[in-house]
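Trainee: Here it is, the structure in full.
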Amino acid sequence: MASLLFWAAALLALIFASNLVSRYRTKQSPFYLWWSISFFLYVIAFGMEALTVSSNWNSVFEYQLYIIGSAGLVGAMSVGTTYLAFPKSKVAVGYAVYFVLVEVLLAIFAFVSPPVLHGSWAALNAGKNAIVGTTQIFYLLLAAVGGPIVIIGALWSWWKTRRYYNLLIALGALVPSSAGTLASQGIATAIFPVMNIIGLVLIFLGYVYSRSSSQGRVSQAQHQARGA
């Protein structure tokens with residue numbers, strides 16, 4: 001059952017990624033590109049979880065792909081968030097360069113220094129005792145930096161604007177993260193894949209509504225300007 005849920009999450013992520021790619025091709029807005037990359041990395045992470053949840057992490061290669069996908073999806077998501085907040089700033093460009101560099105280094109060291117797989121599936125899924133050394137440093141540079149940018153950025157935007165879509169993004173990031181922490185301790189493991197799906201949907205809706213709301217405000221301002 002858990003495997004089917006992870007496959008469903010991977011399929012859903014692929015559909016959402018395709019939608020965001022279409023939006024990027026139409027609008028040419030960089031954040032759509034980075035959010036698309038994030039959701040494609042979701043596909044990789046969920047796919048590896050689907051392949052292993054019934055048999056534990058027996059394949060080092062699958063775990064290496066999972067490391068790259070799970071850390072990268074957070075990083076790419078935070079780059080998109082930065083582009084949305086600072087669309088014409090060098091801050092977003094600089095952070096995007098940082099992400100690409102660290103993600104490439106993570107991928108290299110994940111294969112140069114293969115993880116040692118021992119422990120439960122949930123514990124390994126959370127990176128416990130497997131992601132070590134230089135690989136762990138680059139993993140944390142993506143996940144530990146990207147995660148707060150997404151969550152704090154969304155909460156700060158909500159505080160400033162009271163736009164509900166920001167709460168969807170923050171909640172979407174918090175739900176699977178909290179579920180993963182609990183699952184790594186052997187708590188609520190059965191609902192872990194469901195929480196991932198819920199988080200995925202919340203984040204996607206937050207992204208879609210955020211841009212729609214922004215475009216609505218711009219159109220309203222332009223209409224008022226013409227009326228004046």
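Residue numbering restarts at 1 for every chain of the structure tokens, chains are lettered A, B, ... in their displayed order, and ligands are numbered from 1 as they appear.
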Counting only C-alpha atoms, what is within 6 Å of Ala71 (chain A), bar same-chain residues fewer than 6 positions away, as number ranges by chain?
Mentor: A: 139, 142-143
Trainee: When distances are computed from only C-alpha atoms, which of A:Val79, A:Leu105, A:Ala45, A:Ala50 shows the smallest separation from Tyr32 (chain A)?
Mentor: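 That would be A:Val79, the residue with the smallest distance to Tyr32 (chain A).
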Trainee: Could you tell me how far CA of Ser38 (chain A) sits from CA of Thr161 (chain A), in Å to one decimal place?
Mentor: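 Spanning CA of Thr161 (chain A) to CA of Ser38 (chain A) is a straight-line distance of 25.1 Å.
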Trainee: Which neighbours of Val175 (chain A) fall inside 12 Å, counting only C-alpha atoms, when residues of the same chain fewer than 4 positions from it are skipped, and could you give them as a PDB file with all heavy atoms, in the first residue's frame?
Mentor:
```
ATOM      1  N   ILE A 151       9.916  28.085   4.158  1.00  0.00           N
ATOM      2  CA  ILE A 151       8.938  28.209   5.248  1.00  0.00           C
ATOM      3  C   ILE A 151       8.894  29.628   5.813  1.00  0.00           C
ATOM      4  O   ILE A 151       7.823  30.242   5.902  1.00  0.00           O
ATOM      5  CB  ILE A 151       9.260  27.202   6.368  1.00  0.00           C
ATOM      6  CG1 ILE A 151       9.114  25.767   5.842  1.00  0.00           C
ATOM      7  CG2 ILE A 151       8.337  27.422   7.566  1.00  0.00           C
ATOM      8  CD1 ILE A 151       9.593  24.703   6.806  1.00  0.00           C
ATOM      9  N   LEU A 167       0.328  30.695   3.478  1.00  0.00           N
ATOM     10  CA  LEU A 167       0.162  29.673   4.510  1.00  0.00           C
ATOM     11  C   LEU A 167       0.103  28.277   3.891  1.00  0.00           C
ATOM     12  O   LEU A 167       0.558  27.304   4.496  1.00  0.00           O
ATOM     13  CB  LEU A 167      -1.108  29.945   5.317  1.00  0.00           C
ATOM     14  CG  LEU A 167      -1.097  31.217   6.172  1.00  0.00           C
ATOM     15  CD1 LEU A 167      -2.421  31.367   6.919  1.00  0.00           C
ATOM     16  CD2 LEU A 167       0.062  31.194   7.162  1.00  0.00           C
ATOM     17  N   LEU A 168      -0.466  28.184   2.689  1.00  0.00           N
ATOM     18  CA  LEU A 168      -0.497  26.892   2.000  1.00  0.00           C
ATOM     19  C   LEU A 168       0.921  26.396   1.725  1.00  0.00           C
ATOM     20  O   LEU A 168       1.231  25.217   1.920  1.00  0.00           O
ATOM     21  CB  LEU A 168      -1.263  27.014   0.677  1.00  0.00           C
ATOM     22  CG  LEU A 168      -2.772  27.251   0.747  1.00  0.00           C
ATOM     23  CD1 LEU A 168      -3.347  27.408  -0.658  1.00  0.00           C
ATOM     24  CD2 LEU A 168      -3.461  26.100   1.470  1.00  0.00           C
ATOM     25  N   ILE A 169       1.784  27.312   1.281  1.00  0.00           N
ATOM     26  CA  ILE A 169       3.169  26.941   0.981  1.00  0.00           C
ATOM     27  C   ILE A 169       3.899  26.526   2.258  1.00  0.00           C
ATOM     28  O   ILE A 169       4.579  25.492   2.297  1.00  0.00           O
ATOM     29  CB  ILE A 169       3.901  28.106   0.296  1.00  0.00           C
ATOM     30  CG1 ILE A 169       3.264  28.406  -1.067  1.00  0.00           C
ATOM     31  CG2 ILE A 169       5.387  27.782   0.127  1.00  0.00           C
ATOM     32  CD1 ILE A 169       3.787  29.665  -1.731  1.00  0.00           C
ATOM     33  N   ALA A 170       3.748  27.340   3.311  1.00  0.00           N
ATOM     34  CA  ALA A 170       4.425  27.028   4.575  1.00  0.00           C
ATOM     35  C   ALA A 170       3.934  25.699   5.144  1.00  0.00           C
ATOM     36  O   ALA A 170       4.731  24.856   5.579  1.00  0.00           O
ATOM     37  CB  ALA A 170       4.189  28.152   5.581  1.00  0.00           C
ATOM     38  N   LEU A 171       2.618  25.507   5.131  1.00  0.00           N
ATOM     39  CA  LEU A 171       2.048  24.270   5.659  1.00  0.00           C
ATOM     40  C   LEU A 171       2.460  23.078   4.797  1.00  0.00           C
ATOM     41  O   LEU A 171       2.760  21.995   5.316  1.00  0.00           O
ATOM     42  CB  LEU A 171       0.524  24.386   5.702  1.00  0.00           C
ATOM     43  CG  LEU A 171      -0.232  23.255   6.410  1.00  0.00           C
ATOM     44  CD1 LEU A 171       0.208  23.161   7.864  1.00  0.00           C
ATOM     45  CD2 LEU A 171      -1.738  23.491   6.336  1.00  0.00           C
ATOM     46  N   ALA A 179       6.191  14.904   9.322  1.00  0.00           N
ATOM     47  CA  ALA A 179       5.864  13.481   9.196  1.00  0.00           C
ATOM     48  C   ALA A 179       7.131  12.646   9.047  1.00  0.00           C
ATOM     49  O   ALA A 179       7.237  11.549   9.604  1.00  0.00           O
ATOM     50  CB  ALA A 179       4.946  13.263   7.995  1.00  0.00           C
ATOM     51  N   GLY A 180       8.114  13.175   8.303  1.00  0.00           N
ATOM     52  CA  GLY A 180       9.375  12.462   8.135  1.00  0.00           C
ATOM     53  C   GLY A 180      10.136  12.335   9.438  1.00  0.00           C
ATOM     54  O   GLY A 180      10.739  11.290   9.722  1.00  0.00           O
ATOM     55  N   THR A 181      10.104  13.401  10.233  1.00  0.00           N
ATOM     56  CA  THR A 181      10.770  13.363  11.538  1.00  0.00           C
ATOM     57  C   THR A 181      10.134  12.314  12.441  1.00  0.00           C
ATOM     58  O   THR A 181      10.829  11.536  13.109  1.00  0.00           O
ATOM     59  CB  THR A 181      10.697  14.742  12.215  1.00  0.00           C
ATOM     60  OG1 THR A 181      11.341  15.713  11.378  1.00  0.00           O
ATOM     61  CG2 THR A 181      11.382  14.718  13.573  1.00  0.00           C
ATOM     62  N   LEU A 182       8.805  12.279  12.455  1.00  0.00           N
ATOM     63  CA  LEU A 182       8.102  11.287  13.272  1.00  0.00           C
ATOM     64  C   LEU A 182       8.370   9.867  12.769  1.00  0.00           C
ATOM     65  O   LEU A 182       8.601   8.948  13.560  1.00  0.00           O
ATOM     66  CB  LEU A 182       6.598  11.573  13.259  1.00  0.00           C
ATOM     67  CG  LEU A 182       6.135  12.840  13.980  1.00  0.00           C
ATOM     68  CD1 LEU A 182       4.645  13.072  13.752  1.00  0.00           C
ATOM     69  CD2 LEU A 182       6.433  12.749  15.474  1.00  0.00           C
ATOM     70  N   ILE A 191       1.195   6.734   7.867  1.00  0.00           N
ATOM     71  CA  ILE A 191       0.613   7.899   7.196  1.00  0.00           C
ATOM     72  C   ILE A 191       1.671   8.777   6.522  1.00  0.00           C
ATOM     73  O   ILE A 191       1.343   9.802   5.933  1.00  0.00           O
ATOM     74  CB  ILE A 191      -0.206   8.761   8.179  1.00  0.00           C
ATOM     75  CG1 ILE A 191       0.709   9.353   9.261  1.00  0.00           C
ATOM     76  CG2 ILE A 191      -1.329   7.959   8.798  1.00  0.00           C
ATOM     77  CD1 ILE A 191       0.013  10.383  10.134  1.00  0.00           C
ATOM     78  N   PHE A 192       2.932   8.363   6.597  1.00  0.00           N
ATOM     79  CA  PHE A 192       4.011   9.166   6.024  1.00  0.00           C
ATOM     80  C   PHE A 192       3.814   9.465   4.536  1.00  0.00           C
ATOM     81  O   PHE A 192       3.909  10.628   4.115  1.00  0.00           O
ATOM     82  CB  PHE A 192       5.357   8.478   6.278  1.00  0.00           C
ATOM     83  CG  PHE A 192       6.532   9.192   5.679  1.00  0.00           C
ATOM     84  CD1 PHE A 192       6.772  10.532   5.964  1.00  0.00           C
ATOM     85  CD2 PHE A 192       7.404   8.531   4.826  1.00  0.00           C
ATOM     86  CE1 PHE A 192       7.859  11.195   5.415  1.00  0.00           C
ATOM     87  CE2 PHE A 192       8.491   9.187   4.270  1.00  0.00           C
ATOM     88  CZ  PHE A 192       8.718  10.522   4.564  1.00  0.00           C
ATOM     89  N   PRO A 193       3.522   8.456   3.695  1.00  0.00           N
ATOM     90  CA  PRO A 193       3.320   8.770   2.273  1.00  0.00           C
ATOM     91  C   PRO A 193       2.109   9.663   2.026  1.00  0.00           C
ATOM     92  O   PRO A 193       2.120  10.490   1.111  1.00  0.00           O
ATOM     93  CB  PRO A 193       3.148   7.389   1.622  1.00  0.00           C
ATOM     94  CG  PRO A 193       2.821   6.459   2.728  1.00  0.00           C
ATOM     95  CD  PRO A 193       3.479   7.000   3.945  1.00  0.00           C
ATOM     96  N   VAL A 194       1.072   9.506   2.848  1.00  0.00           N
ATOM     97  CA  VAL A 194      -0.111  10.359   2.697  1.00  0.00           C
ATOM     98  C   VAL A 194       0.240  11.809   3.003  1.00  0.00           C
ATOM     99  O   VAL A 194      -0.195  12.735   2.312  1.00  0.00           O
ATOM    100  CB  VAL A 194      -1.248   9.880   3.631  1.00  0.00           C
ATOM    101  CG1 VAL A 194      -2.448  10.815   3.535  1.00  0.00           C
ATOM    102  CG2 VAL A 194      -1.652   8.452   3.288  1.00  0.00           C
ATOM    103  N   MET A 195       1.047  12.015   4.038  1.00  0.00           N
ATOM    104  CA  MET A 195       1.468  13.365   4.399  1.00  0.00           C
ATOM    105  C   MET A 195       2.310  13.997   3.288  1.00  0.00           C
ATOM    106  O   MET A 195       2.247  15.209   3.054  1.00  0.00           O
ATOM    107  CB  MET A 195       2.264  13.338   5.705  1.00  0.00           C
ATOM    108  CG  MET A 195       1.469  12.945   6.942  1.00  0.00           C
ATOM    109  SD  MET A 195       0.113  14.103   7.321  1.00  0.00           S
ATOM    110  CE  MET A 195      -1.293  13.220   6.631  1.00  0.00           C
ATOM    111  N   ASN A 196       3.089  13.175   2.604  1.00  0.00           N
ATOM    112  CA  ASN A 196       3.869  13.685   1.472  1.00  0.00           C
ATOM    113  C   ASN A 196       2.957  14.181   0.359  1.00  0.00           C
ATOM    114  O   ASN A 196       3.214  15.226  -0.247  1.00  0.00           O
ATOM    115  CB  ASN A 196       4.799  12.591   0.940  1.00  0.00           C
ATOM    116  CG  ASN A 196       6.107  12.519   1.689  1.00  0.00           C
ATOM    117  OD1 ASN A 196       6.941  13.414   1.607  1.00  0.00           O
ATOM    118  ND2 ASN A 196       6.294  11.455   2.442  1.00  0.00           N
ATOM    119  N   ILE A 197       1.906  13.429   0.092  1.00  0.00           N
ATOM    120  CA  ILE A 197       0.962  13.828  -0.954  1.00  0.00           C
ATOM    121  C   ILE A 197       0.252  15.123  -0.563  1.00  0.00           C
ATOM    122  O   ILE A 197       0.098  16.045  -1.376  1.00  0.00           O
ATOM    123  CB  ILE A 197      -0.059  12.703  -1.217  1.00  0.00           C
ATOM    124  CG1 ILE A 197       0.647  11.496  -1.839  1.00  0.00           C
ATOM    125  CG2 ILE A 197      -1.182  13.195  -2.131  1.00  0.00           C
ATOM    126  CD1 ILE A 197      -0.257  10.288  -2.036  1.00  0.00           C
ATOM    127  N   ILE A 198      -0.179  15.196   0.692  1.00  0.00           N
ATOM    128  CA  ILE A 198      -0.858  16.405   1.169  1.00  0.00           C
ATOM    129  C   ILE A 198       0.066  17.617   1.046  1.00  0.00           C
ATOM    130  O   ILE A 198      -0.337  18.686   0.570  1.00  0.00           O
ATOM    131  CB  ILE A 198      -1.317  16.222   2.631  1.00  0.00           C
ATOM    132  CG1 ILE A 198      -2.440  15.181   2.701  1.00  0.00           C
ATOM    133  CG2 ILE A 198      -1.793  17.554   3.220  1.00  0.00           C
ATOM    134  CD1 ILE A 198      -2.854  14.818   4.112  1.00  0.00           C
ATOM    135  N   GLY A 199       1.314  17.453   1.469  1.00  0.00           N
ATOM    136  CA  GLY A 199       2.272  18.550   1.367  1.00  0.00           C
ATOM    137  C   GLY A 199       2.495  18.982  -0.067  1.00  0.00           C
ATOM    138  O   GLY A 199       2.565  20.179  -0.373  1.00  0.00           O
ATOM    139  N   LEU A 200       2.593  18.014  -0.958  1.00  0.00           N
ATOM    140  CA  LEU A 200       2.807  18.296  -2.375  1.00  0.00           C
ATOM    141  C   LEU A 200       1.660  19.130  -2.950  1.00  0.00           C
ATOM    142  O   LEU A 200       1.884  20.131  -3.642  1.00  0.00           O
ATOM    143  CB  LEU A 200       2.926  16.970  -3.135  1.00  0.00           C
ATOM    144  CG  LEU A 200       3.398  17.033  -4.587  1.00  0.00           C
ATOM    145  CD1 LEU A 200       4.883  17.357  -4.642  1.00  0.00           C
ATOM    146  CD2 LEU A 200       3.139  15.688  -5.275  1.00  0.00           C
ATOM    147  N   VAL A 201       0.442  18.726  -2.642  1.00  0.00           N
ATOM    148  CA  VAL A 201      -0.738  19.434  -3.151  1.00  0.00           C
ATOM    149  C   VAL A 201      -0.809  20.855  -2.588  1.00  0.00           C
ATOM    150  O   VAL A 201      -1.086  21.816  -3.315  1.00  0.00           O
ATOM    151  CB  VAL A 201      -2.025  18.656  -2.811  1.00  0.00           C
ATOM    152  CG1 VAL A 201      -3.258  19.478  -3.168  1.00  0.00           C
ATOM    153  CG2 VAL A 201      -2.052  17.320  -3.547  1.00  0.00           C
ATOM    154  N   LEU A 202      -0.542  20.998  -1.295  1.00  0.00           N
ATOM    155  CA  LEU A 202      -0.602  22.316  -0.665  1.00  0.00           C
ATOM    156  C   LEU A 202       0.417  23.276  -1.278  1.00  0.00           C
ATOM    157  O   LEU A 202       0.103  24.443  -1.554  1.00  0.00           O
ATOM    158  CB  LEU A 202      -0.357  22.189   0.841  1.00  0.00           C
ATOM    159  CG  LEU A 202      -1.477  21.543   1.665  1.00  0.00           C
ATOM    160  CD1 LEU A 202      -1.019  21.339   3.106  1.00  0.00           C
ATOM    161  CD2 LEU A 202      -2.740  22.390   1.626  1.00  0.00           C
ATOM    162  N   ILE A 203       1.628  22.787  -1.496  1.00  0.00           N
ATOM    163  CA  ILE A 203       2.663  23.641  -2.081  1.00  0.00           C
ATOM    164  C   ILE A 203       2.285  24.056  -3.497  1.00  0.00           C
ATOM    165  O   ILE A 203       2.406  25.232  -3.870  1.00  0.00           O
ATOM    166  CB  ILE A 203       4.023  22.912  -2.085  1.00  0.00           C
ATOM    167  CG1 ILE A 203       4.553  22.785  -0.656  1.00  0.00           C
ATOM    168  CG2 ILE A 203       5.038  23.660  -2.947  1.00  0.00           C
ATOM    169  CD1 ILE A 203       5.790  21.923  -0.536  1.00  0.00           C
TER     170      ILE A 203
END
```
Trainee: Can you tell me which residues surround Glu62 (chain A) at a distance of at most 9 Å, considering only C-alpha atoms, apart from same-chain residues fewer than 5 positions away, and format the answer as a PyMOL selection string?
Mentor: chain A and resi 48-49+51-52+57+67
Trainee: Can you measure CA of Tyr63 (chain A) to CA of Leu5 (chain A) for me? One decimal in Å is fine.
Mentor: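 It comes out at 18.6 Å.
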